[in-house]
Amino acid sequence: MRRIISILMENEPGALSRIVGLFSQRGYNIDTLTVAPTDDETLSRLTLTTRGDDRKIEQITKQLNKLIEVAKLVDLSEGAHVERELMLVKLKASGVQRAEIKRTVDIFRGQIIDVTPALYTVQLVGDSAKLDAFVDSIGGASVVEVVRSGVSGIGRGDKVLAL
Amino acid sequence: MELLSGADMLIRSLEAEGVEQIFGYPGGSVLHIYDALYRHKTVEHFLVRHEQAAAHMADGYARATGKVGVVLATSGPGATNTITGIATAYMDSIPMVILSGQVPGHLVGEDAFQETDMLGVSRPVVKHSFAVKCASEIPETIKKAFYIASTGRKGPVLIDLPKNVTNPADLFEYTKPEKVVMRSYNPVSRGHAGQIKKAVDEIMRAKRPIIYSGGGVVQGNSSDLLVQLVEKLGCPITCTLMGLGAYPGDAKQSVGMLGMHGTYEANMAMHNADVIIAIGARFDDRVTNNPAKFCTEATIIHIDIDPASISKTITADIPIVGSVQQVLGDMLGQLGRTKDSVDAEALEAWWARIEEWRGKQCLSYDVPVGEKMKPQQVVETLWKVTNGDAYVTSDVGQHQMFTAQYYKFKRPRQWINSGGLGTMGFGLPAAMGVQVACPDKTVVCVTGEGSIQMNIQELSTCLQYRLPVKIININNQALGMVKQWQDMQYDKRHSHSYMESLPDFVKLVEAYGHVGMRVDDFADLEAAMEECFALKDRLVFMDIYVDPNEHVYPMSIAGESMKDMILSKTERT
């Protein structure tokens with residue numbers, strides 16, 4: 001099962017390598033990873049997605065918690081949450097295709113952020129499934145380049161991950 | 001206000017942590033620190049012959065005393081040589097601080113002479129690590145390192161020190177930090193009172209209880225509480241390889257070690273138990289055998305300071321996260337107050353079954369007349385000659401298992417071996433660290449002709465510091481455990497398990513300035529050992545030739561449950 005683990009950690013050199021190292025060392029996979037400082041610049045927020053059954057995820061979260069620089073973490077997928085991912089995608093857009101691609105971008109509420117006579121560069125935000133669905137509807141033949149940010153997430157309602 | 005260089009601050013910070021002895025080897029990046037050691041003379045430094053030995057010495061020192069062992073090595077090869085020692089300490093949760101030199105900050109990343117990314121290399125085998133960027137960070141970093149190493153589940157902490165931060169020309173204001181605050185590290189946790197209550201209720205209902213005690217009881221200084229609990233419950237106790245000595249091995253309620261080479265009675269009692277009380281043990285694969293077939297009847301109570309150890313391999317029914325000392329204390333308190341009592345009748349029946357298993361005498365062995373002595377005889381004679389009272393370290397292999405099985409350890413910290421990592425070459429330097437910590441005690445290293453050659457250069461260190469370690473070399477002229485597996489699983493194809501062209505160990509140790517003895521005949525063994533231990537102030541190396549074909553039994557049958565064992569070359573359960 002896919003899980004989103006969100007970590008609040010000390011913004012210190014070496015902290016990220018310890019987290020990433022833990023995954024390879026113990027044979028866990030990271031599907032996506034995104035990290036940046038928070039409003040408090042001494043803290044970073046790292047969000048990663050991984051896969052595993054309850055037992056494996058429990059072990060992953062326990063091992064992460066043991067790392068000295070990890071202040072707090074939450075498995076967002078355990079409760080109601082919002083997840084978003086940003087995608088920048090370069091698409092072949094010439095001739096009759098051009099209008100069709102524009103329509104599809106609108107349907108997915110994307111934005112065309114750069115244009116050449118033969119290409120559109122599209123920005124799209126949503127959960128990972130929506131981004132997948134967009135690429136599918138455009139069709140592989142039109143896709144020139146895909147850049148995805150990895151998943152970010154936050155709990156719904158009153159739930160807060162903070163110190 | 002006091003102005004000090006980084007190197008001087010380092011020594012002062014070590015003094016502040018109560019460090020009296022450190023183990024290391026100099027080199028370019030740590031010369032400022034060595035100069036400070038020379039000038040201060042407050043911290044005694046032991047010069048090894050290979051940095052791996054410095055780490056094992058610090059480790060042995062820490063295991064014998066419970067204090068943090070300290071290692072000092074230069075950048076590059078000096079630091080990387082300590083890695084096996086760090087990994088050994090990490091696997092067995094031993095408190096250690098490693099000070100590794102680094103090339104000056106402005107050269108870092110340029111592939112400078114003797115540069116290695118030591119933080120990267122060590123990352124998977126340390127509890128934590130620090131890179132010092134400025135001398136003024138040294139006092140606080142040292143304090144944090146000692147705090148992390150010695151609290152919670154203990155372990156090694158590495159500090160990388162670029163040469164420029166210890167420069168004697170750069171002076172900084174020194175203030176001794178009073179306490180450390182780390183918002184993201186809060187190791188002290190109290191075992192949940194409700195969970196402890198649940199555990200006590202379960203124990204009271206048990207008909208076939210057993211205590212399974214591990215290294216956490218030793219590291220957590222809780223042997224006295226364990227003894228009280230065993231007495232109170234009247235149940236059998238088995239100790240892991242790392243836990244031996246926490247409960248006296250010759251006491252009636254002890255059923256010996258469990259696991260791959262555990263006793264028949266210990267493994268049978270575990271398999272048939274209805275309640276297992278695991279204390280500071282981690283259900284290691286050498287204990288559980290096949291997790292799917294592990295003690296399927298039992299309710300498992302698991303006490304451990306590390307939440308990640310709980311339900312990692314075997315699901316705990318009643319998990320209790322907390323220090324063994326606090327949890328056992330609370331548990332004994334609750335047991336003292338409860339009106340319930342253990343089911344005496346069921347317990348009696350349980351002991352009757354255990355006595356039946358004991359009756360099998362799984363550790364008995366044949367001694368054919370006129371043949372070479374057995375390695376077991378060596379350990380039993382050692383136990384007799386030292387009154388079972390010596391500090392014993394071991395290397396890794398058959399001799400390690402024989403020592404664990406036949407030397408009945410009386411007290412915690414008496415038995416020192418590399419349990420988790422299984423590091424050959426550990427025994428001698430570890431014994432040296434113990435001898436440094438306990439100069440007046442008898443310290444023995446039980447080893448084999450394979451393991452001893454992995455750090456034999458330390459005989460030179462022993463002479464320099466007059467460390468009168470006694471080395472019992474159980475010489476079977478083969479890598480015994482490898483050969484045993486090849487006998488059993490590879491149709492006796494002894495691929496590279498012979499030690500041909502062995503040195504004359506007696507001449508070798510004499511060349512190092514020590515006393516060597518060779519024993520071939522069991523009839524001479526006891527007298528020779530008496531002679532060896534009478535030489536109180538000398539290192540004595542006893543090269544004892546034993547039966548090269550002996551195997552360690554019992555031995556679990558791989559992939560099966562705890563009750564499935566090979567008991568001898570001809571008998572299985």
# chains A, B, ... in the order shown; residues from 1 in each chain; ligands from 1

$ residues_around --residues "Glu41 (chain A)" --least-positions-apart "5" --cutoff "10 Å" --atoms "only C-alpha atoms" --output "list in words"
Glu10, Asn11 and Ala36 of chain A

$ select_by_dssp --residues "region 13-157 of chain A" --states "strand (DSSP E or B)" --output "ChimeraX atom specification"
/A:32-37,43-51,70-75,81-92,111-115,119-126,143-148,152-155

$ interface_residues --of "chain B" --to "chain A" --cutoff "8 Å" --atoms "only C-alpha atoms" --output "PyMOL selection string"
chain B and resi 123-124+127-128+183-185+307-308+312

$ residues_around --residues "Ala193 (chain B)" --least-positions-apart "4" --cutoff "10 Å" --atoms "only C-alpha atoms" --output "list in words"
Lys197, Lys198, Ala199, Ile320, Val327, Asp330, Met331 and Gln334 of chain B

$ write_last_selection --atoms "C-alpha atoms" --output "PDB file, in the first residue's frame"
ATOM      1  CA  LYS B 197       0.077  -4.185  34.653  1.00  0.00           C
ATOM      2  CA  LYS B 198      -1.085  -6.216  31.660  1.00  0.00           C
ATOM      3  CA  ALA B 199       2.232  -8.043  31.609  1.00  0.00           C
ATOM      4  CA  ILE B 320       6.701  -2.300  26.781  1.00  0.00           C
ATOM      5  CA  VAL B 327      10.351  -1.397  33.800  1.00  0.00           C
ATOM      6  CA  ASP B 330       7.953  -1.128  38.356  1.00  0.00           C
ATOM      7  CA  MET B 331       7.162  -4.740  37.562  1.00  0.00           C
ATOM      8  CA  GLN B 334       3.470  -4.437  41.145  1.00  0.00           C
TER       9      GLN B 334
END

$ select_by_dssp --residues "region 44-85 of chain B" --states "alpha helix (DSSP H)" --output "PDB file with C-alpha atoms, in the first residue's frame"
ATOM      1  CA  GLU B  51      43.350   1.448  14.420  1.00  0.00           C
ATOM      2  CA  GLN B  52      40.848  -1.402  14.312  1.00  0.00           C
ATOM      3  CA  ALA B  53      42.346  -2.524  17.609  1.00  0.00           C
ATOM      4  CA  ALA B  54      41.866   0.959  19.083  1.00  0.00           C
ATOM      5  CA  ALA B  55      38.148   0.698  18.412  1.00  0.00           C
ATOM      6  CA  HIS B  56      37.955  -2.820  19.897  1.00  0.00           C
ATOM      7  CA  MET B  57      39.978  -1.723  22.941  1.00  0.00           C
ATOM      8  CA  ALA B  58      37.601   1.166  23.544  1.00  0.00           C
ATOM      9  CA  ASP B  59      34.732  -1.264  23.036  1.00  0.00           C
ATOM     10  CA  GLY B  60      36.126  -3.793  25.562  1.00  0.00           C
ATOM     11  CA  TYR B  61      36.745  -0.958  27.986  1.00  0.00           C
ATOM     12  CA  ALA B  62      33.146   0.217  27.592  1.00  0.00           C
ATOM     13  CA  ARG B  63      31.677  -3.280  27.938  1.00  0.00           C
ATOM     14  CA  ALA B  64      33.634  -3.966  31.125  1.00  0.00           C
ATOM     15  CA  THR B  65      32.896  -0.627  32.810  1.00  0.00           C
ATOM     16  CA  PRO B  77      43.102   5.149   6.377  1.00  0.00           C
ATOM     17  CA  GLY B  78      43.348   5.749  10.122  1.00  0.00           C
ATOM     18  CA  ALA B  79      39.654   6.496  10.292  1.00  0.00           C
ATOM     19  CA  THR B  80      38.544   3.796   7.869  1.00  0.00           C
ATOM     20  CA  ASN B  81      40.540   1.212   9.824  1.00  0.00           C
ATOM     21  CA  ILE B  83      35.097   1.004  10.779  1.00  0.00           C
ATOM     22  CA  THR B  84      34.953  -2.699  11.701  1.00  0.00           C
ATOM     23  CA  GLY B  85      35.341  -1.725  15.349  1.00  0.00           C
TER      24      GLY B  85
END

$ residues_around --residues "Asn29 (chain A)" --least-positions-apart "3" --cutoff "8 Å" --atoms "only C-alpha atoms" --output "list in words"
Phe23, Ser24, Thr50 and Arg51 of chain A

$ write_last_selection --atoms "C-alpha atoms" --output "JSON list (two decimals), in the first residue's frame"
[["chain", "number", "residue", "atom", "x", "y", "z"],
["A", 23, "PHE", "CA", 15.97, 3.49, 3.24],
["A", 24, "SER", "CA", 18.68, 1.89, 1.11],
["A", 50, "THR", "CA", 6.86, 4.59, -0.09],
["A", 51, "ARG", "CA", 5.10, 1.25, -0.30]]

$ residues_around --residues "Val446 (chain B)" --least-positions-apart "6" --cutoff "9 Å" --atoms "only C-alpha atoms" --output "mmCIF file with N, CA and C atoms, in the first residue's frame"
data_model
loop_
_atom_site.group_PDB
_atom_site.id
_atom_site.type_symbol
_atom_site.label_atom_id
_atom_site.label_comp_id
_atom_site.auth_asym_id
_atom_site.auth_seq_id
_atom_site.Cartn_x
_atom_site.Cartn_y
_atom_site.Cartn_z
ATOM 1 N N VAL B 379 37.884 -25.234 27.729
ATOM 2 C CA VAL B 379 37.056 -24.204 28.375
ATOM 3 C C VAL B 379 36.677 -24.639 29.788
ATOM 4 N N VAL B 392 36.274 -12.717 30.540
ATOM 5 C CA VAL B 392 36.606 -13.533 29.378
ATOM 6 C C VAL B 392 36.138 -12.824 28.111
ATOM 7 N N THR B 393 37.064 -12.587 27.190
ATOM 8 C CA THR B 393 36.659 -12.096 25.875
ATOM 9 C C THR B 393 36.840 -13.256 24.900
ATOM 10 N N SER B 394 36.200 -13.146 23.755
ATOM 11 C CA SER B 394 36.448 -14.188 22.758
ATOM 12 C C SER B 394 36.480 -13.573 21.378
ATOM 13 N N ASP B 395 36.996 -14.351 20.465
ATOM 14 C CA ASP B 395 36.894 -14.004 19.060
ATOM 15 C C ASP B 395 35.635 -14.666 18.532
ATOM 16 N N HIS B 399 35.306 -21.639 19.067
ATOM 17 C CA HIS B 399 35.797 -21.388 20.427
ATOM 18 C C HIS B 399 34.868 -20.426 21.179
ATOM 19 N N GLN B 400 34.251 -19.510 20.430
ATOM 20 C CA GLN B 400 33.319 -18.544 21.034
ATOM 21 C C GLN B 400 32.090 -19.270 21.583
ATOM 22 N N THR B 403 32.948 -21.409 24.572
ATOM 23 C CA THR B 403 33.117 -20.586 25.781
ATOM 24 C C THR B 403 31.749 -20.184 26.327
ATOM 25 N N GLY B 427 38.772 -10.305 19.920
ATOM 26 C CA GLY B 427 39.082 -10.826 21.253
ATOM 27 C C GLY B 427 40.281 -10.204 21.947
ATOM 28 N N LEU B 428 41.440 -10.176 21.266
ATOM 29 C CA LEU B 428 42.650 -9.678 21.927
ATOM 30 C C LEU B 428 42.544 -8.195 22.264
ATOM 31 N N LYS B 470 45.766 -13.007 29.361
ATOM 32 C CA LYS B 470 46.063 -14.418 29.133
ATOM 33 C C LYS B 470 45.324 -14.861 27.877
ATOM 34 N N ILE B 471 46.070 -15.387 26.918
ATOM 35 C CA ILE B 471 45.468 -15.778 25.643
ATOM 36 C C ILE B 471 45.384 -17.303 25.568
ATOM 37 N N ILE B 472 44.174 -17.786 25.448
ATOM 38 C CA ILE B 472 43.946 -19.224 25.341
ATOM 39 C C ILE B 472 43.622 -19.511 23.872
ATOM 40 N N ASN B 473 44.599 -19.980 23.155
ATOM 41 C CA ASN B 473 44.425 -20.225 21.731
ATOM 42 C C ASN B 473 44.007 -21.675 21.512
ATOM 43 N N ILE B 474 42.725 -21.863 21.225
ATOM 44 C CA ILE B 474 42.225 -23.221 20.982
ATOM 45 C C ILE B 474 42.533 -23.554 19.529
#

$ decode --residues "region 376-428 of chain B" --atoms "C-alpha atoms" --output "PDB file, in the first residue's frame"
ATOM      1  CA  GLN B 376      35.272 -28.226  25.440  1.00  0.00           C
ATOM      2  CA  GLN B 377      37.833 -29.626  27.882  1.00  0.00           C
ATOM      3  CA  VAL B 378      39.937 -26.506  27.435  1.00  0.00           C
ATOM      4  CA  VAL B 379      37.056 -24.204  28.375  1.00  0.00           C
ATOM      5  CA  GLU B 380      35.994 -26.382  31.302  1.00  0.00           C
ATOM      6  CA  THR B 381      39.570 -26.431  32.611  1.00  0.00           C
ATOM      7  CA  LEU B 382      39.791 -22.663  32.167  1.00  0.00           C
ATOM      8  CA  TRP B 383      36.593 -22.243  34.179  1.00  0.00           C
ATOM      9  CA  LYS B 384      38.016 -24.441  36.927  1.00  0.00           C
ATOM     10  CA  VAL B 385      41.452 -22.790  37.075  1.00  0.00           C
ATOM     11  CA  THR B 386      39.982 -19.251  37.116  1.00  0.00           C
ATOM     12  CA  ASN B 387      37.203 -20.205  39.576  1.00  0.00           C
ATOM     13  CA  GLY B 388      34.739 -19.034  36.963  1.00  0.00           C
ATOM     14  CA  ASP B 389      35.705 -15.528  37.968  1.00  0.00           C
ATOM     15  CA  ALA B 390      37.785 -14.119  35.105  1.00  0.00           C
ATOM     16  CA  TYR B 391      36.805 -11.523  32.564  1.00  0.00           C
ATOM     17  CA  VAL B 392      36.606 -13.533  29.378  1.00  0.00           C
ATOM     18  CA  THR B 393      36.659 -12.096  25.875  1.00  0.00           C
ATOM     19  CA  SER B 394      36.448 -14.188  22.758  1.00  0.00           C
ATOM     20  CA  ASP B 395      36.894 -14.004  19.060  1.00  0.00           C
ATOM     21  CA  VAL B 396      34.401 -15.558  16.683  1.00  0.00           C
ATOM     22  CA  GLY B 397      33.792 -19.144  15.755  1.00  0.00           C
ATOM     23  CA  GLN B 398      33.670 -22.523  17.472  1.00  0.00           C
ATOM     24  CA  HIS B 399      35.797 -21.388  20.427  1.00  0.00           C
ATOM     25  CA  GLN B 400      33.319 -18.544  21.034  1.00  0.00           C
ATOM     26  CA  MET B 401      30.376 -20.925  21.182  1.00  0.00           C
ATOM     27  CA  PHE B 402      32.243 -23.417  23.381  1.00  0.00           C
ATOM     28  CA  THR B 403      33.117 -20.586  25.781  1.00  0.00           C
ATOM     29  CA  ALA B 404      29.516 -19.375  25.857  1.00  0.00           C
ATOM     30  CA  GLN B 405      28.320 -22.927  26.552  1.00  0.00           C
ATOM     31  CA  TYR B 406      30.887 -24.171  29.052  1.00  0.00           C
ATOM     32  CA  TYR B 407      32.142 -21.151  30.990  1.00  0.00           C
ATOM     33  CA  LYS B 408      29.317 -20.501  33.462  1.00  0.00           C
ATOM     34  CA  PHE B 409      29.414 -16.727  33.810  1.00  0.00           C
ATOM     35  CA  LYS B 410      28.497 -15.410  37.232  1.00  0.00           C
ATOM     36  CA  ARG B 411      28.075 -11.716  36.726  1.00  0.00           C
ATOM     37  CA  PRO B 412      27.249  -9.151  34.067  1.00  0.00           C
ATOM     38  CA  ARG B 413      30.090  -7.614  32.002  1.00  0.00           C
ATOM     39  CA  GLN B 414      32.244 -10.668  32.692  1.00  0.00           C
ATOM     40  CA  TRP B 415      31.674 -12.097  29.193  1.00  0.00           C
ATOM     41  CA  ILE B 416      32.709  -9.875  26.322  1.00  0.00           C
ATOM     42  CA  ASN B 417      32.249 -10.959  22.723  1.00  0.00           C
ATOM     43  CA  SER B 418      31.161  -9.658  19.356  1.00  0.00           C
ATOM     44  CA  GLY B 419      27.651 -11.063  19.230  1.00  0.00           C
ATOM     45  CA  GLY B 420      25.888  -9.080  16.529  1.00  0.00           C
ATOM     46  CA  LEU B 421      28.602  -8.453  13.971  1.00  0.00           C
ATOM     47  CA  GLY B 422      30.668 -11.572  14.707  1.00  0.00           C
ATOM     48  CA  THR B 423      34.012  -9.860  14.327  1.00  0.00           C
ATOM     49  CA  MET B 424      37.079 -12.103  14.157  1.00  0.00           C
ATOM     50  CA  GLY B 425      40.023 -10.182  15.595  1.00  0.00           C
ATOM     51  CA  PHE B 426      37.892  -8.668  18.368  1.00  0.00           C
ATOM     52  CA  GLY B 427      39.082 -10.826  21.253  1.00  0.00           C
ATOM     53  CA  LEU B 428      42.650  -9.678  21.927  1.00  0.00           C
TER      54      LEU B 428
END
